[in-house]
Amino acid sequence: MVKKEMAPEEAYRLLTPGCVVLVGSQKHGRPNVMAASWQMPVSRKPPLVAVAVAKKHLTAEYVRASFAFTLNVPGYGLLDRVHFCGTVSGRDVDKFSAAGLTPVAGRKVAAPLVAECVAGVECRLWNTYDGGDHWIFVGEVVAAEVTPECFEGRWTFKAKEHFPVHHLGGTAYAVTGSLAEVHKRGEGWVVVEKAVP
Ligand SMILES: Cc1cc2nc3c(=O)[nH]c(=O)nc-3n(C[C@H](O)[C@H](O)[C@H](O)COP(=O)(O)O)c2cc1C
């Protein structure tokens, strides 16, 4: 996917609202990718994002070793591969290869981006917090990229295959299928639905 570079300070908008992401990491040049829905922006200045990764996951080992990770936003068209990356460990399988996903070297960090995703956020590990059975990795966004047809200052999805997916648990996902805007009317707001081709 062709992407345009964007300001790290604006990358938080790529992660709103709480969609499933693919976390890219690597160790000794070996890339890995896992699905994560426990992610969120946490600061605009400096631009910081956080993701909770179970301590037992290979991704946790890789992030702690390389001090870097990427958060990649997959579209609905990748849902089968996203679920695969969320149910199989990189300890057992080369997930990039098995899922037919393409690792692309980060511009600024030693962690792979996922070429097929609509956006990618590169993070340098800023801090690690003990979150029980998860590590909460806070990353400083040092680079970000997005597919231009999906983002003009905010998400502007034009095709269903690009829409973000939200994990409901188990094998169930919610897929956004429509866009809406709110228009000021009097003291209140009116919702106007927009057609998606
Ligand atoms: C949709 C989805 C979301 C997930 N979100 C998270 C998450 O936020 N944090 C986490 O630690 N694991 C999460 N998982 C589980 C990991 O992706 C899964 O255990 C994966 O196999 C770990 O891979 P790894 O051992 O290669 O790092 C999620 C799984 C799915 C299917």
# chains A, B, ... in the order shown; residues from 1 in each chain; ligands from 1
>>> residues_around(residues="segment 2-6 of chain A", least_positions_apart="6", cutoff="9 Å", atoms="only C-alpha atoms", output="PDB file with C-alpha atoms, in the first residue's frame")
ATOM      1  CA  ALA A 115       2.726  -3.241   4.188  1.00  0.00           C
ATOM      2  CA  VAL A 118      -3.840   1.130   5.948  1.00  0.00           C
ATOM      3  CA  ALA A 119      -1.611   2.884   8.496  1.00  0.00           C
ATOM      4  CA  GLY A 120       1.506   2.308  10.539  1.00  0.00           C
ATOM      5  CA  ALA A 143       7.138   8.220  12.581  1.00  0.00           C
ATOM      6  CA  ALA A 144       3.721   7.457  11.150  1.00  0.00           C
ATOM      7  CA  GLU A 145       2.271   6.755   7.723  1.00  0.00           C
ATOM      8  CA  VAL A 146      -1.193   6.329   6.302  1.00  0.00           C
ATOM      9  CA  THR A 147      -2.823   5.444   2.983  1.00  0.00           C
ATOM     10  CA  PRO A 148      -3.877   8.837   1.552  1.00  0.00           C
TER      11      PRO A 148
END
>>> residues_near_ligand(ligand="ligand 1", cutoff="6 Å", atoms="only C-alpha atoms and all ligand atoms", output="count of residues only")
20
>>> select_by_dssp(residues="segment 4-84 of chain A", states="strand (DSSP E)", output="NGL selection string")
:A and (4-6 or 21-27 or 30-36 or 39-43 or 48-54 or 68-73)
>>> atom_distance(atom1="atom CA of Ser178 of chain A", atom2="atom CA of Val121 of chain A")
24.7 Å
>>> select_by_dssp(residues="segment 64-182 of chain A", states="helix (DSSP H, G or I)", output="list in words")
Arg64, Ala65, Ser66, Tyr76, Gly77, Leu78, Leu79, Asp80, Arg81, Val82, His83, Phe84, Cys85, Lys95, Phe96, Ser97, Ala98, Ala99, Pro148, Glu149, Cys150, Lys160, Glu161 and His162 of chain A
>>> closest_residue(among="A:Ala110, A:His134, A:Gly75, A:Phe69", to="Lys158 of chain A", atoms="only C-alpha atoms")
A:Gly75
>>> atom_distance(atom1="atom CA of His162 of chain A", atom2="atom CA of Cys150 of chain A")
7.5 Å
>>> residues_around(residues="Ala98 of chain A", least_positions_apart="2", cutoff="12 Å", atoms="only C-alpha atoms", output="PyMOL selection string")
chain A and resi 32-33+81-82+84-85+88-90+92-96+100-102
>>> closest_residue(among="A:Ala68, A:Ala50, A:Leu168, A:Val141", to="Gln26 of chain A", atoms="only C-alpha atoms")
A:Ala68
>>> closest_residue(among="A:Phe137, A:Tyr173, A:Trp189, A:Phe163", to="Pro74 of chain A", atoms="only C-alpha atoms")
A:Phe163
>>> decode(residues="segment 120-193 of chain A", atoms="C-alpha atoms", output="short mmCIF file (atom, residue, chain, number, x, y, z; two decimals), in the first residue's frame")
data_model
loop_
_atom_site.label_atom_id
_atom_site.label_comp_id
_atom_site.auth_asym_id
_atom_site.auth_seq_id
_atom_site.Cartn_x
_atom_site.Cartn_y
_atom_site.Cartn_z
CA GLY A 120 1.51 2.31 10.54
CA VAL A 121 2.83 4.02 13.67
CA GLU A 122 6.48 3.60 14.67
CA CYS A 123 7.24 3.72 18.37
CA ARG A 124 10.40 3.94 20.39
CA LEU A 125 9.87 2.35 23.79
CA TRP A 126 9.36 5.23 26.21
CA ASN A 127 8.49 3.30 29.35
CA THR A 128 7.26 -0.08 30.49
CA TYR A 129 4.72 -0.47 33.26
CA ASP A 130 3.82 -3.63 35.11
CA GLY A 131 0.17 -4.31 34.31
CA GLY A 132 -0.30 -7.64 36.06
CA ASP A 133 -0.02 -10.40 33.50
CA HIS A 134 0.59 -7.78 30.78
CA TRP A 135 3.34 -5.27 30.18
CA ILE A 136 1.99 -1.84 29.33
CA PHE A 137 4.36 -0.58 26.70
CA VAL A 138 4.27 3.18 26.24
CA GLY A 139 5.86 4.18 22.97
CA GLU A 140 6.95 7.55 21.67
CA VAL A 141 5.67 7.93 18.13
CA VAL A 142 8.70 8.82 16.02
CA ALA A 143 7.14 8.22 12.58
CA ALA A 144 3.72 7.46 11.15
CA GLU A 145 2.27 6.75 7.72
CA VAL A 146 -1.19 6.33 6.30
CA THR A 147 -2.82 5.44 2.98
CA PRO A 148 -3.88 8.84 1.55
CA GLU A 149 -7.32 7.74 0.30
CA CYS A 150 -8.26 6.75 3.86
CA PHE A 151 -7.13 9.83 5.75
CA GLU A 152 -7.46 13.58 5.25
CA GLY A 153 -6.72 15.01 8.68
CA ARG A 154 -8.98 12.27 10.04
CA TRP A 155 -10.15 8.89 8.82
CA THR A 156 -12.19 9.20 5.60
CA PHE A 157 -12.82 5.55 4.78
CA LYS A 158 -14.14 5.11 1.27
CA ALA A 159 -14.26 1.32 0.94
CA LYS A 160 -15.42 -1.37 3.34
CA GLU A 161 -12.19 -3.34 3.00
CA HIS A 162 -10.38 -0.42 4.66
CA PHE A 163 -12.74 -0.02 7.63
CA PRO A 164 -11.26 -0.75 11.07
CA VAL A 165 -12.36 -3.83 12.97
CA HIS A 166 -13.18 -4.07 16.66
CA HIS A 167 -12.79 -7.26 18.63
CA LEU A 168 -15.90 -8.28 20.53
CA GLY A 169 -14.29 -11.38 22.02
CA GLY A 170 -13.61 -14.91 20.80
CA THR A 171 -14.22 -15.08 17.08
CA ALA A 172 -16.62 -12.11 16.94
CA TYR A 173 -15.79 -8.73 15.48
CA ALA A 174 -17.68 -5.52 14.88
CA VAL A 175 -17.00 -3.93 11.53
CA THR A 176 -17.85 -0.33 10.92
CA GLY A 177 -19.99 -0.21 7.80
CA SER A 178 -21.11 3.39 7.65
CA LEU A 179 -19.91 6.90 8.28
CA ALA A 180 -21.79 9.62 10.08
CA GLU A 181 -21.28 13.30 10.81
CA VAL A 182 -22.98 15.40 13.43
CA HIS A 183 -24.34 18.80 12.38
CA LYS A 184 -25.18 21.56 14.83
CA ARG A 185 -28.91 22.33 14.83
CA GLY A 186 -30.19 24.82 17.38
CA GLU A 187 -28.95 23.74 20.79
CA GLY A 188 -28.41 20.13 19.74
CA TRP A 189 -26.77 17.92 17.12
CA VAL A 190 -28.28 16.04 14.19
CA VAL A 191 -26.68 12.86 12.90
CA VAL A 192 -26.24 12.70 9.12
CA GLU A 193 -25.26 9.33 7.66
#
